[in-house]
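Novice: Contents of query.cif (mmCIF, C-alpha atoms):
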```
data_data
#
loop_
_atom_site.label_atom_id
_atom_site.label_comp_id
_atom_site.auth_asym_id
_atom_site.auth_seq_id
_atom_site.Cartn_x
_atom_site.Cartn_y
_atom_site.Cartn_z
CA MET A 1 -16.64 -5.64 7.02
CA THR A 2 -13.62 -6.19 9.25
CA GLY A 3 -13.57 -8.52 12.23
CA PRO A 4 -14.26 -7.74 15.88
CA ALA A 5 -12.36 -5.01 17.64
CA LEU A 6 -9.16 -6.01 19.41
CA SER A 7 -8.95 -5.94 23.18
CA ALA A 8 -6.15 -4.01 24.86
CA ALA A 9 -4.35 -7.27 25.65
CA GLN A 10 -4.42 -8.25 21.97
CA ALA A 11 -3.45 -4.85 20.65
CA PRO A 12 -0.77 -5.15 17.94
CA VAL A 13 2.33 -3.04 17.65
CA ALA A 14 1.69 -2.37 13.97
CA LEU A 15 -0.72 -3.16 11.15
CA PHE A 16 0.21 -3.43 7.47
CA ILE A 17 -2.18 -2.99 4.52
CA SER A 18 -1.86 -2.29 0.81
CA ASP A 19 -3.71 -2.26 -2.51
CA LEU A 20 -7.11 -1.00 -1.38
CA HIS A 21 -7.47 0.94 -4.65
CA LEU A 22 -9.97 3.26 -2.97
CA GLN A 23 -12.29 5.08 -5.36
CA PRO A 24 -15.85 6.46 -5.27
CA GLU A 25 -17.00 3.62 -7.55
CA MET A 26 -16.25 1.06 -4.80
CA PRO A 27 -18.34 2.24 -1.81
CA ALA A 28 -18.33 -1.10 0.05
CA THR A 29 -14.54 -1.24 -0.05
CA THR A 30 -14.36 2.34 1.21
CA ALA A 31 -16.79 1.51 4.03
CA ALA A 32 -14.72 -1.55 4.97
CA PHE A 33 -11.59 0.58 5.15
CA LEU A 34 -13.23 3.23 7.32
CA HIS A 35 -14.53 0.49 9.62
CA PHE A 36 -11.04 -1.01 9.76
CA LEU A 37 -9.61 2.35 10.84
CA GLN A 38 -12.20 2.70 13.60
CA GLN A 39 -12.22 -0.85 14.93
CA GLN A 40 -8.77 -2.27 14.19
CA ALA A 41 -6.19 0.39 13.41
CA SER A 42 -7.29 2.51 16.37
CA LYS A 43 -6.05 -0.26 18.70
CA ALA A 44 -2.57 -0.42 17.16
CA SER A 45 0.43 1.79 17.85
CA GLN A 46 1.32 2.10 14.17
CA LEU A 47 -0.37 1.71 10.78
CA TYR A 48 1.70 1.16 7.64
CA LEU A 49 -0.04 1.94 4.35
CA LEU A 50 2.12 0.19 1.76
CA GLY A 51 0.95 1.66 -1.51
CA ASP A 52 -2.00 1.75 -3.88
CA ILE A 53 -4.30 2.84 -1.08
CA PHE A 54 -5.96 4.98 -3.76
CA GLU A 55 -6.81 3.73 -7.24
CA TYR A 56 -5.01 6.84 -8.45
CA TRP A 57 -3.65 10.11 -7.05
CA ALA A 58 -3.45 13.07 -9.41
CA GLY A 59 -1.62 15.35 -6.99
CA ASP A 60 -1.98 16.88 -3.55
CA ASP A 61 -4.03 19.75 -4.99
CA ASP A 62 -6.87 17.20 -5.18
CA LEU A 63 -6.99 17.02 -1.38
CA ASP A 64 -10.16 19.10 -1.11
CA SER A 65 -12.21 16.99 -3.53
CA PRO A 66 -15.02 15.17 -1.69
CA PHE A 67 -13.73 11.60 -1.88
CA PRO A 68 -10.05 12.26 -1.03
CA GLN A 69 -11.18 14.56 1.76
CA ARG A 70 -13.27 11.79 3.29
CA ILE A 71 -10.26 9.48 3.45
CA VAL A 72 -7.91 12.22 4.62
CA GLN A 73 -10.24 13.16 7.48
CA ALA A 74 -10.51 9.52 8.60
CA LEU A 75 -6.72 9.15 8.60
CA ARG A 76 -6.30 12.45 10.43
CA HIS A 77 -8.79 11.32 13.08
CA LEU A 78 -6.72 8.17 13.58
CA SER A 79 -3.41 10.01 13.87
CA ASP A 80 -4.98 12.53 16.28
CA LYS A 81 -5.83 9.57 18.51
CA GLY A 82 -2.11 8.78 18.74
CA VAL A 83 -1.71 6.10 16.08
CA GLN A 84 1.48 6.66 14.09
CA LEU A 85 0.74 6.60 10.35
CA TYR A 86 3.33 5.63 7.75
CA TRP A 87 2.76 5.97 4.01
CA MET A 88 4.67 4.28 1.19
CA ALA A 89 4.01 5.10 -2.45
CA GLY A 90 2.49 2.50 -4.75
CA ASN A 91 2.36 2.40 -8.52
CA ARG A 92 -1.06 4.12 -8.47
CA ASP A 93 -0.52 6.80 -5.81
CA PHE A 94 3.16 7.69 -6.14
CA LEU A 95 2.27 11.39 -6.46
CA VAL A 96 1.21 11.60 -2.81
CA SER A 97 3.45 14.26 -1.31
CA GLN A 98 4.04 16.38 1.76
CA ALA A 99 0.72 18.22 1.71
CA PHE A 100 -1.08 14.89 2.03
CA ALA A 101 1.29 13.84 4.81
CA THR A 102 0.65 17.08 6.70
CA ALA A 103 -3.12 16.80 6.26
CA THR A 104 -3.25 13.23 7.57
CA GLY A 105 -0.41 13.33 10.10
CA ALA A 106 1.42 10.58 8.20
CA THR A 107 5.15 10.08 7.70
CA LEU A 108 6.23 9.40 4.12
CA LEU A 109 8.53 6.38 3.84
CA PRO A 110 11.14 5.47 1.25
CA ASP A 111 10.75 2.19 -0.62
CA PRO A 112 12.14 -0.11 0.69
CA TYR A 113 11.99 0.66 4.42
CA ILE A 114 13.49 -1.35 7.28
CA LEU A 115 11.69 -1.87 10.59
CA THR A 116 13.27 -3.60 13.60
CA HIS A 117 11.13 -5.19 16.32
CA ALA A 118 11.48 -8.01 18.85
CA GLY A 119 14.92 -8.99 17.61
CA GLN A 120 13.93 -9.34 13.97
CA ARG A 121 14.46 -7.12 10.98
CA LEU A 122 11.53 -6.51 8.61
CA VAL A 123 11.84 -4.92 5.18
CA LEU A 124 8.73 -3.24 3.76
CA THR A 125 8.14 -2.48 0.10
CA HIS A 126 5.15 -1.90 -2.15
CA GLY A 127 6.44 -4.74 -4.30
CA ASP A 128 6.33 -3.38 -7.85
CA GLN A 129 10.09 -2.96 -8.06
CA LEU A 130 10.46 -6.71 -7.40
CA CYS A 131 8.56 -7.55 -10.62
CA THR A 132 11.67 -7.18 -12.76
CA ASP A 133 10.53 -9.65 -15.44
CA ASP A 134 7.98 -7.07 -16.58
CA SER A 135 10.51 -4.87 -18.36
CA ALA A 136 7.88 -2.61 -19.95
CA TYR A 137 6.45 -1.73 -16.56
CA GLN A 138 9.91 -1.18 -15.05
CA GLN A 139 10.74 1.31 -17.81
CA PHE A 140 7.48 3.14 -17.11
CA ARG A 141 8.17 3.11 -13.36
CA LEU A 142 11.63 4.57 -13.89
CA GLN A 143 10.19 7.37 -16.00
CA VAL A 144 7.36 8.46 -13.72
CA ARG A 145 9.49 8.38 -10.56
CA GLN A 146 11.86 10.99 -12.02
CA PRO A 147 11.47 14.40 -10.30
CA ALA A 148 11.58 16.18 -13.66
CA TRP A 149 8.74 14.05 -15.08
CA GLN A 150 6.63 14.59 -11.96
CA ALA A 151 7.23 18.34 -11.95
CA ALA A 152 6.15 18.58 -15.60
CA PHE A 153 3.11 16.42 -14.98
CA LEU A 154 2.02 18.36 -11.90
CA ALA A 155 2.36 21.62 -13.83
CA ARG A 156 -0.68 20.55 -15.90
CA SER A 157 -4.20 21.33 -14.72
CA LEU A 158 -5.85 18.86 -12.35
CA ALA A 159 -8.51 18.03 -14.94
CA GLU A 160 -5.85 17.33 -17.57
CA ARG A 161 -3.89 15.13 -15.17
CA LYS A 162 -6.97 13.08 -14.35
CA ALA A 163 -7.66 12.57 -18.05
CA ILE A 164 -4.08 11.40 -18.63
CA ILE A 165 -4.30 9.06 -15.65
CA ALA A 166 -7.53 7.56 -17.01
CA GLY A 167 -5.64 6.75 -20.20
CA MET A 168 -2.75 5.26 -18.23
CA ARG A 169 -5.16 3.04 -16.31
CA MET A 170 -6.66 1.76 -19.55
CA GLN A 171 -3.20 1.04 -20.94
CA SER A 172 -2.30 -0.78 -17.73
CA GLN A 173 -5.37 -3.01 -18.03
CA GLN A 174 -4.49 -3.81 -21.64
CA HIS A 175 -0.89 -4.58 -20.64
CA GLN A 176 -2.03 -6.97 -17.92
CA GLN A 177 -4.19 -8.84 -20.42
CA GLN A 178 -1.34 -9.18 -22.90
CA VAL A 179 1.48 -10.47 -20.68
CA SER A 180 1.85 -13.66 -18.70
CA ALA A 181 0.71 -13.61 -15.08
CA LEU A 182 4.13 -14.99 -14.12
CA ILE A 183 5.86 -11.96 -15.64
CA MET A 184 3.82 -9.66 -13.38
CA ASP A 185 4.79 -11.60 -10.26
CA VAL A 186 7.95 -10.97 -8.25
CA ASN A 187 11.29 -12.18 -9.54
CA THR A 188 12.98 -14.63 -7.15
CA GLU A 189 16.41 -13.08 -7.71
CA ALA A 190 15.03 -9.61 -6.96
CA VAL A 191 13.54 -10.93 -3.74
CA ALA A 192 16.81 -12.61 -2.76
CA SER A 193 18.70 -9.40 -3.54
CA LEU A 194 16.40 -7.35 -1.28
CA PHE A 195 16.78 -9.82 1.56
CA ALA A 196 20.58 -9.69 1.16
CA SER A 197 20.87 -5.90 0.91
CA SER A 198 18.48 -5.26 3.82
CA GLY A 199 19.69 -8.05 6.11
CA ALA A 200 16.02 -8.68 6.89
CA ASP A 201 14.40 -11.83 8.26
CA VAL A 202 10.95 -10.84 7.01
CA LEU A 203 9.72 -9.15 3.83
CA ILE A 204 6.23 -7.63 3.61
CA HIS A 205 4.82 -6.35 0.33
CA GLY A 206 1.69 -6.01 -1.77
CA HIS A 207 1.22 -5.11 -5.44
CA THR A 208 0.83 -8.61 -6.91
CA HIS A 209 -2.63 -9.25 -5.36
CA ARG A 210 -1.48 -12.79 -4.50
CA PRO A 211 -1.78 -13.10 -0.71
CA ASP A 212 0.44 -15.80 0.71
CA VAL A 213 3.45 -16.46 2.93
CA HIS A 214 6.62 -17.91 1.43
CA SER A 215 9.33 -19.39 3.65
CA SER A 216 12.89 -20.38 2.79
CA GLU A 217 16.18 -20.47 4.69
CA GLN A 218 14.59 -19.04 7.85
CA ARG A 219 13.26 -16.09 5.87
CA ARG A 220 9.59 -15.28 5.37
CA ARG A 221 7.92 -13.24 2.64
CA TYR A 222 4.38 -12.08 3.37
CA VAL A 223 2.28 -10.93 0.40
CA LEU A 224 -0.69 -8.71 1.24
CA SER A 225 -4.03 -9.01 -0.54
CA ASP A 226 -5.75 -6.31 -2.49
CA TRP A 227 -9.15 -5.19 -1.16
CA ASP A 228 -12.43 -5.55 -3.03
CA CYS A 229 -15.59 -5.65 -0.95
CA ASP A 230 -17.80 -4.64 -3.86
CA SER A 231 -17.59 -7.99 -5.66
CA THR A 232 -19.67 -11.05 -4.89
CA THR A 233 -16.68 -12.61 -3.09
CA PRO A 234 -15.18 -9.91 -0.86
CA ARG A 235 -11.44 -10.03 -0.32
CA GLY A 236 -8.83 -8.12 1.62
CA ASP A 237 -6.52 -8.60 4.57
CA TRP A 238 -4.00 -7.00 6.87
CA LEU A 239 -1.01 -8.22 8.85
CA ALA A 240 -0.68 -7.53 12.54
CA LEU A 241 2.77 -7.37 14.16
CA MET A 242 2.43 -8.43 17.78
CA ALA A 243 4.63 -7.56 20.75
CA ASP A 244 6.42 -10.93 20.60
CA GLY A 245 7.33 -10.39 16.96
CA SER A 246 4.75 -12.77 15.51
CA LEU A 247 2.77 -11.76 12.43
CA LEU A 248 -0.94 -12.59 12.21
CA ARG A 249 -2.99 -12.33 9.04
CA ASN A 250 -6.56 -11.08 9.38
CA LYS A 251 -9.15 -11.10 6.61
CA VAL A 252 -11.75 -8.49 5.81
#
```
What do you get writing this file as structure tokens?
Specialist:
Amino acid sequence: MTGPALSAAQAPVALFISDLHLQPEMPATTAAFLHFLQQQASKASQLYLLGDIFEYWAGDDDLDSPFPQRIVQALRHLSDKGVQLYWMAGNRDFLVSQAFATATGATLLPDPYILTHAGQRLVLTHGDQLCTDDSAYQQFRLQVRQPAWQAAFLARSLAERKAIIAGMRMQSQQHQQQVSALIMDVNTEAVASLFASSGADVLIHGHTHRPDVHSSEQRRRYVLSDWDCDSTTPRGDWLALMADGSLLRNKV
């Protein structure tokens, strides 16, 4: 469960979360997210969802299924209250498209995305494109982000797509077990390149499930945690961007 609700004086400008991997099989994590929307996100001006919010997304034609609909309705309720929602694709939910955005009231963001506030420049990314040492994954990412591949995939039936995704998830788990943990982490040169190309002072990303803050040369890189409230040791966090430009990490 998330922490106490913020007072108006403490209300952040924006909140950042990623890697919730929401799915029916993780009810406690889903409940924690819905509580977060009600008690925390509702006090912010903006909420940035930085990828892998869902464990998988088979296409926007799955919007009316019971579990996606529950999440969509909660997000729509938040946006109807005046909170600006921003969505960035992750490696699990990159098929989220305009129908989802319309249903929730969210704005779809490119990856990376630059945000300016209180005299500082922040660059937001899911983080998977920074893991350049994992060449097999980068080849897969390049393939599935192609419009032609997505159009062909979405032309299949929803049931067939879900079966294919289940196989992809199994292959992903096997891949993670076979390669070094260091290979699946961000590449320092890729991080430096993103800082240089964006001109940012701050980088915020998820994907690696290694929450931390890294500082060098007056630059800061914040790594968001994944969420899992169904295990014996619950984990999860979010970053809050305050009016003065400070960033505060809060744990589930």
Novice: Ranking A:Leu63, A:Leu154, A:Leu78, A:Leu142 by minimum distance to Asn91 of chain A and counting all atoms listed in the file, which one comes first?
Specialist: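 Between A:Leu63, A:Leu154, A:Leu78, A:Leu142, the residue approaching Asn91 of chain A most closely is A:Leu142.
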Novice: Using only C-alpha atoms, what does the table of segment 133-217 of chain A residues within 7 Å of segment 123-129 of chain A look like, with each row giving the shortest atom pair and its distance in Å to one decimal, sorted by chain and ascending number, as CSV?
Specialist:
```
residue,atom,partner,partner_atom,distance
A:Ser198,CA,A:Val123,CA,6.8
A:Ala200,CA,A:Val123,CA,5.9
A:Val202,CA,A:Val123,CA,6.3
A:Leu203,CA,A:Val123,CA,4.9
A:Ile204,CA,A:Leu124,CA,5.1
A:His205,CA,A:Thr125,CA,5.1
A:Gly206,CA,A:His126,CA,5.4
A:His207,CA,A:Gly127,CA,5.4
```
Novice: Would you translate the PyMOL selection byres ((chain A and resi 132) around 9) into the concrete set of residues it matches in this file, as a compact mmCIF listing (two decimals) with C-alpha atoms, in the coordinates of the input?
Specialist:
```txt
# COMPACT_ATOMS: atom_id res chain seq x y z
CA ASP A 128 6.33 -3.38 -7.85
CA GLN A 129 10.09 -2.96 -8.06
CA LEU A 130 10.46 -6.71 -7.40
CA CYS A 131 8.56 -7.55 -10.62
CA ASP A 133 10.53 -9.65 -15.44
CA ASP A 134 7.98 -7.07 -16.58
CA SER A 135 10.51 -4.87 -18.36
CA TYR A 137 6.45 -1.73 -16.56
CA GLN A 138 9.91 -1.18 -15.05
CA ILE A 183 5.86 -11.96 -15.64
CA MET A 184 3.82 -9.66 -13.38
CA ASP A 185 4.79 -11.60 -10.26
CA VAL A 186 7.95 -10.97 -8.25
CA ASN A 187 11.29 -12.18 -9.54
CA ALA A 190 15.03 -9.61 -6.96
```
Novice: Please evaluate the PyMOL selection byres ((chain A and resi 12) around 6) against the displayed coordinates and give the resulting residues as a short mmCIF file (atom, residue, chain, number, x, y, z; two decimals) with C-alpha atoms, in the coordinates of the input.
Specialist:
```cif
data_model
loop_
_atom_site.label_atom_id
_atom_site.label_comp_id
_atom_site.auth_asym_id
_atom_site.auth_seq_id
_atom_site.Cartn_x
_atom_site.Cartn_y
_atom_site.Cartn_z
CA ALA A 11 -3.45 -4.85 20.65
CA VAL A 13 2.33 -3.04 17.65
CA ALA A 14 1.69 -2.37 13.97
CA ALA A 44 -2.57 -0.42 17.16
CA ALA A 240 -0.68 -7.53 12.54
CA LEU A 241 2.77 -7.37 14.16
CA MET A 242 2.43 -8.43 17.78
#
```
Novice: I'd like the neighbourhood of Ser216 of chain A as a PyMOL selection string, where a residue qualifies if any of its atoms comes within 12 Å (using all atoms listed in the file), though same-chain residues fewer than 4 positions away should be ignored.
Specialist: chain A and resi 188+191-192+195+201-203+220-222
Novice: Grab the atom CA of Phe16 of chain A to atom CA of Ala166 of chain A distance for me, in Å with one decimal place.
Specialist: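 These two atoms are separated by 27.9 Å.
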Novice: Env of segment 23-37 of chain A: 8 Å cut, atoms = all atoms listed in the file, seq-sep filter 4 positions within chain, self excluded. Answer as a list of chain:residue names.
Specialist: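 In the requested form, the answer reads A:Met1, A:Thr2, A:Ala41, A:Ser42, A:Phe54, A:Glu55, A:Phe67, A:Ile71, A:Ala74, A:Leu75, A:Leu78, A:Trp227, A:Asp228, A:Cys229, A:Asp230, A:Val252.
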Novice: Please measure the separation of atom CA of Met168 of chain A and atom CA of Val96 of chain A, giving the value in Å to one decimal.
Specialist: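 A separation of 17.1 Å between them.
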Novice: Of the candidates A:Gln84, A:Gln10, A:Ser18, A:Gln40, which shows the shortest atom-to-atom distance to Arg210 of chain A, using all atoms listed in the file?
Specialist: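 Checking each candidate against Arg210 of chain A, we get A:Ser18 as the closest.
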Novice: Within 6 Å of segment 101-120 of chain A, which residues of segment 3-80 of chain A come that close, and what is the closest atom pair and distance in Å for each? Count all atoms listed in the file and give it as a Markdown table.
Specialist:
```
| residue | atom | partner | partner_atom | distance |
| --- | --- | --- | --- | --- |
| A:Val72 | CA | A:Thr104 | CA | 5.6 |
| A:Leu75 | CA | A:Thr104 | CA | 5.5 |
| A:Arg76 | CA | A:Thr104 | CA | 4.3 |
| A:Ser79 | CA | A:Gly105 | CA | 5.9 |
```
Novice: Could you tell me how far atom CA of Ala89 of chain A sits from atom CA of Asp52 of chain A, in Å to one decimal place?
Specialist: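 Answer for the atom CA of Asp52 of chain A to atom CA of Ala89 of chain A separation: 7.0 Å.
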Novice: Can you take the partial segment 192-227 of chain A, add N, CA and C atoms, and return it as a PDB file, in the frame of the given file?
Specialist:
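Saved file selection_8.pdb follows:
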```pdb
ATOM      1  N   ALA A 192      15.589 -12.202  -3.457  1.00  0.00           N
ATOM      2  CA  ALA A 192      16.810 -12.610  -2.760  1.00  0.00           C
ATOM      3  C   ALA A 192      17.758 -11.425  -2.591  1.00  0.00           C
ATOM      4  N   SER A 193      17.833 -10.569  -3.612  1.00  0.00           N
ATOM      5  CA  SER A 193      18.700  -9.400  -3.540  1.00  0.00           C
ATOM      6  C   SER A 193      18.239  -8.432  -2.450  1.00  0.00           C
ATOM      7  N   LEU A 194      16.915  -8.247  -2.317  1.00  0.00           N
ATOM      8  CA  LEU A 194      16.400  -7.350  -1.280  1.00  0.00           C
ATOM      9  C   LEU A 194      16.645  -7.909   0.107  1.00  0.00           C
ATOM     10  N   PHE A 195      16.456  -9.201   0.273  1.00  0.00           N
ATOM     11  CA  PHE A 195      16.780  -9.820   1.560  1.00  0.00           C
ATOM     12  C   PHE A 195      18.255  -9.599   1.897  1.00  0.00           C
ATOM     13  N   ALA A 196      19.131  -9.807   0.919  1.00  0.00           N
ATOM     14  CA  ALA A 196      20.580  -9.690   1.160  1.00  0.00           C
ATOM     15  C   ALA A 196      20.974  -8.253   1.481  1.00  0.00           C
ATOM     16  N   SER A 197      20.468  -7.299   0.716  1.00  0.00           N
ATOM     17  CA  SER A 197      20.870  -5.900   0.910  1.00  0.00           C
ATOM     18  C   SER A 197      20.303  -5.308   2.194  1.00  0.00           C
ATOM     19  N   SER A 198      19.140  -5.804   2.621  1.00  0.00           N
ATOM     20  CA  SER A 198      18.480  -5.260   3.820  1.00  0.00           C
ATOM     21  C   SER A 198      18.889  -6.000   5.091  1.00  0.00           C
ATOM     22  N   GLY A 199      19.380  -7.229   4.945  1.00  0.00           N
ATOM     23  CA  GLY A 199      19.690  -8.050   6.110  1.00  0.00           C
ATOM     24  C   GLY A 199      18.449  -8.445   6.888  1.00  0.00           C
ATOM     25  N   ALA A 200      17.293  -8.440   6.211  1.00  0.00           N
ATOM     26  CA  ALA A 200      16.020  -8.680   6.890  1.00  0.00           C
ATOM     27  C   ALA A 200      15.713 -10.172   7.030  1.00  0.00           C
ATOM     28  N   ASP A 201      14.914 -10.480   8.050  1.00  0.00           N
ATOM     29  CA  ASP A 201      14.400 -11.830   8.260  1.00  0.00           C
ATOM     30  C   ASP A 201      13.021 -11.981   7.621  1.00  0.00           C
ATOM     31  N   VAL A 202      12.327 -10.842   7.479  1.00  0.00           N
ATOM     32  CA  VAL A 202      10.950 -10.840   7.010  1.00  0.00           C
ATOM     33  C   VAL A 202      10.782  -9.754   5.945  1.00  0.00           C
ATOM     34  N   LEU A 203      10.073 -10.097   4.880  1.00  0.00           N
ATOM     35  CA  LEU A 203       9.720  -9.150   3.830  1.00  0.00           C
ATOM     36  C   LEU A 203       8.205  -9.076   3.749  1.00  0.00           C
ATOM     37  N   ILE A 204       7.673  -7.845   3.735  1.00  0.00           N
ATOM     38  CA  ILE A 204       6.230  -7.630   3.610  1.00  0.00           C
ATOM     39  C   ILE A 204       5.995  -6.732   2.402  1.00  0.00           C
ATOM     40  N   HIS A 205       5.121  -7.170   1.499  1.00  0.00           N
ATOM     41  CA  HIS A 205       4.820  -6.350   0.330  1.00  0.00           C
ATOM     42  C   HIS A 205       3.420  -6.662  -0.183  1.00  0.00           C
ATOM     43  N   GLY A 206       2.962  -5.811  -1.085  1.00  0.00           N
ATOM     44  CA  GLY A 206       1.690  -6.010  -1.770  1.00  0.00           C
ATOM     45  C   GLY A 206       1.911  -6.070  -3.260  1.00  0.00           C
ATOM     46  N   HIS A 207       1.128  -5.320  -4.013  1.00  0.00           N
ATOM     47  CA  HIS A 207       1.220  -5.110  -5.440  1.00  0.00           C
ATOM     48  C   HIS A 207       0.725  -6.265  -6.302  1.00  0.00           C
ATOM     49  N   THR A 208       1.137  -7.493  -6.007  1.00  0.00           N
ATOM     50  CA  THR A 208       0.830  -8.610  -6.910  1.00  0.00           C
ATOM     51  C   THR A 208      -0.595  -9.133  -6.737  1.00  0.00           C
ATOM     52  N   HIS A 209      -1.267  -8.771  -5.641  1.00  0.00           N
ATOM     53  CA  HIS A 209      -2.630  -9.250  -5.360  1.00  0.00           C
ATOM     54  C   HIS A 209      -2.661 -10.774  -5.201  1.00  0.00           C
ATOM     55  N   ARG A 210      -1.575 -11.336  -4.690  1.00  0.00           N
ATOM     56  CA  ARG A 210      -1.480 -12.790  -4.500  1.00  0.00           C
ATOM     57  C   ARG A 210      -1.132 -13.094  -3.044  1.00  0.00           C
ATOM     58  N   PRO A 211      -2.084 -12.940  -2.142  1.00  0.00           N
ATOM     59  CA  PRO A 211      -1.780 -13.100  -0.710  1.00  0.00           C
ATOM     60  C   PRO A 211      -1.263 -14.494  -0.398  1.00  0.00           C
ATOM     61  N   ASP A 212      -0.167 -14.524   0.348  1.00  0.00           N
ATOM     62  CA  ASP A 212       0.440 -15.800   0.710  1.00  0.00           C
ATOM     63  C   ASP A 212       1.592 -15.510   1.660  1.00  0.00           C
ATOM     64  N   VAL A 213       2.196 -16.584   2.188  1.00  0.00           N
ATOM     65  CA  VAL A 213       3.450 -16.460   2.930  1.00  0.00           C
ATOM     66  C   VAL A 213       4.409 -17.497   2.361  1.00  0.00           C
ATOM     67  N   HIS A 214       5.604 -17.055   2.029  1.00  0.00           N
ATOM     68  CA  HIS A 214       6.620 -17.910   1.430  1.00  0.00           C
ATOM     69  C   HIS A 214       7.798 -17.986   2.398  1.00  0.00           C
ATOM     70  N   SER A 215       8.243 -19.189   2.707  1.00  0.00           N
ATOM     71  CA  SER A 215       9.330 -19.390   3.650  1.00  0.00           C
ATOM     72  C   SER A 215      10.476 -20.141   2.987  1.00  0.00           C
ATOM     73  N   SER A 216      11.704 -19.672   3.255  1.00  0.00           N
ATOM     74  CA  SER A 216      12.890 -20.380   2.790  1.00  0.00           C
ATOM     75  C   SER A 216      14.094 -19.875   3.565  1.00  0.00           C
ATOM     76  N   GLU A 217      14.930 -20.805   3.990  1.00  0.00           N
ATOM     77  CA  GLU A 217      16.180 -20.470   4.690  1.00  0.00           C
ATOM     78  C   GLU A 217      15.932 -19.516   5.863  1.00  0.00           C
ATOM     79  N   GLN A 218      14.932 -19.821   6.653  1.00  0.00           N
ATOM     80  CA  GLN A 218      14.590 -19.040   7.850  1.00  0.00           C
ATOM     81  C   GLN A 218      14.167 -17.610   7.506  1.00  0.00           C
ATOM     82  N   ARG A 219      13.786 -17.387   6.275  1.00  0.00           N
ATOM     83  CA  ARG A 219      13.260 -16.090   5.870  1.00  0.00           C
ATOM     84  C   ARG A 219      11.812 -16.257   5.449  1.00  0.00           C
ATOM     85  N   ARG A 220      11.017 -15.223   5.708  1.00  0.00           N
ATOM     86  CA  ARG A 220       9.590 -15.280   5.370  1.00  0.00           C
ATOM     87  C   ARG A 220       9.200 -14.062   4.541  1.00  0.00           C
ATOM     88  N   ARG A 221       8.427 -14.315   3.493  1.00  0.00           N
ATOM     89  CA  ARG A 221       7.920 -13.240   2.640  1.00  0.00           C
ATOM     90  C   ARG A 221       6.392 -13.269   2.694  1.00  0.00           C
ATOM     91  N   TYR A 222       5.828 -12.203   3.260  1.00  0.00           N
ATOM     92  CA  TYR A 222       4.380 -12.080   3.370  1.00  0.00           C
ATOM     93  C   TYR A 222       3.864 -11.188   2.241  1.00  0.00           C
ATOM     94  N   VAL A 223       2.897 -11.696   1.487  1.00  0.00           N
ATOM     95  CA  VAL A 223       2.280 -10.930   0.400  1.00  0.00           C
ATOM     96  C   VAL A 223       0.876 -10.529   0.843  1.00  0.00           C
ATOM     97  N   LEU A 224       0.617  -9.232   0.838  1.00  0.00           N
ATOM     98  CA  LEU A 224      -0.690  -8.710   1.240  1.00  0.00           C
ATOM     99  C   LEU A 224      -1.690  -8.828   0.093  1.00  0.00           C
ATOM    100  N   SER A 225      -2.949  -8.959   0.444  1.00  0.00           N
ATOM    101  CA  SER A 225      -4.030  -9.010  -0.540  1.00  0.00           C
ATOM    102  C   SER A 225      -4.423  -7.603  -0.970  1.00  0.00           C
ATOM    103  N   ASP A 226      -5.011  -7.518  -2.154  1.00  0.00           N
ATOM    104  CA  ASP A 226      -5.750  -6.310  -2.490  1.00  0.00           C
ATOM    105  C   ASP A 226      -7.105  -6.377  -1.796  1.00  0.00           C
ATOM    106  N   TRP A 227      -7.827  -5.252  -1.788  1.00  0.00           N
ATOM    107  CA  TRP A 227      -9.150  -5.190  -1.160  1.00  0.00           C
ATOM    108  C   TRP A 227     -10.208  -4.984  -2.243  1.00  0.00           C
TER     109      TRP A 227
END
```
